[in-house]
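Notes follow the structure.
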Amino acid sequence: MKVAIISDVHDKLSNLKQVINEINLMGIKHIICCGDLCSPFTARLLGEKFKGDVYAVFGNIADRERTPHVEKEFLNFHHLGDYGQLTLGGKKIFFVHYPEIAEAKAKEGKYDFVFHGHTHKKIARKVNDCLLLNPGEIYGLRYPPSYAILDLETYEYDFIQV
């Protein structure tokens, strides 16, 4: 089973539309968003255009007040608050916006995968038996825009440049 991991969209709709189209074409049914969608219209785009389930958490830029309401509009949009915990494909996943929290959770040894955003810089590394991953940023402010595709069975991942 493959999942897509995105973060730090910052309302860059043109890039997000491209990402959604690519992920839909790949047949992936789960997007995990590590925060900073920003405005409700950005969250709505995910709910409307993605053909699977979206799991999102708060970032540090305006998400808290705005994006949770979108969950009521779309059955496939799940806003989980400050952090998310999921089991997909038999694997335990934790995701959050902040790298410090993600690092601590990866070290706990309770999760197969831990994802975060905030730094806008893509990274992937093993912390004990856990894969810690930041997909980069959709926006393209500090680094070329990117997201990640992860195979939950093989632990193989790809960073996809937008």
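Residue numbers start at 1 in each chain; chains themselves are named A, B, ... in the order of the structure tokens; ligands are numbered from 1 in the order shown.
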All residues 12 Å or closer to stretch 92-103 of chain A, only C-alpha atoms, same chain fewer than 6 positions away omitted, as a ChimeraX atom specification: /A:3,5-8,31-37,55-61,63,79-86,109-137,150,152-153
Report as a CSV table (one decimal) with N, CA and C atoms, in the first residue's frame all protein, DNA and RNA residues lying within 9 Å of A:Pro145, evaluated on only C-alpha atoms, omitting residues in the same chain fewer than 3 positions from it.
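Saved to selection-v5.csv:
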chain,number,residue,atom,x,y,z
A,15,ASN,N,0.3,24.5,-7.5
A,15,ASN,CA,1.1,23.3,-7.1
A,15,ASN,C,0.3,22.2,-6.5
A,120,HIS,N,10.3,22.9,5.7
A,120,HIS,CA,10.2,22.9,4.3
A,120,HIS,C,11.2,22.1,3.6
A,136,GLY,N,9.1,17.8,2.4
A,136,GLY,CA,9.4,19.0,1.8
A,136,GLY,C,8.2,19.9,1.7
A,137,GLU,N,8.2,20.9,0.9
A,137,GLU,CA,7.1,21.9,0.8
A,137,GLU,C,6.4,21.8,-0.5
A,138,ILE,N,5.1,22.0,-0.5
A,138,ILE,CA,4.3,22.1,-1.8
A,138,ILE,C,4.5,23.5,-2.3
A,139,TYR,N,4.6,24.5,-1.4
A,139,TYR,CA,4.6,25.9,-1.8
A,139,TYR,C,5.8,26.3,-2.7
A,140,GLY,N,7.0,25.8,-2.4
A,140,GLY,CA,8.2,26.2,-3.2
A,140,GLY,C,8.8,27.5,-2.7
A,141,LEU,N,8.7,27.9,-1.5
A,141,LEU,CA,9.2,29.1,-1.0
A,141,LEU,C,10.7,29.1,-0.8
A,142,ARG,N,11.2,28.1,0.0
A,142,ARG,CA,12.6,28.0,0.3
A,142,ARG,C,13.3,27.0,-0.5
A,160,ILE,N,9.0,13.5,-4.9
A,160,ILE,CA,8.5,13.9,-6.2
A,160,ILE,C,8.6,15.4,-6.3
A,161,GLN,N,9.3,15.9,-7.2
A,161,GLN,CA,9.4,17.4,-7.4
A,161,GLN,C,8.2,17.8,-8.2
A,162,VAL,N,7.6,18.9,-7.8
A,162,VAL,CA,6.4,19.4,-8.4
A,162,VAL,C,6.8,20.3,-9.6
Distance criterion (only C-alpha atoms): nearest to A:Phe77 out of A:Ala104, A:Ala43, A:Lys91, A:Ser14: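 Closest residue, counting only C-alpha atoms: A:Ala43.
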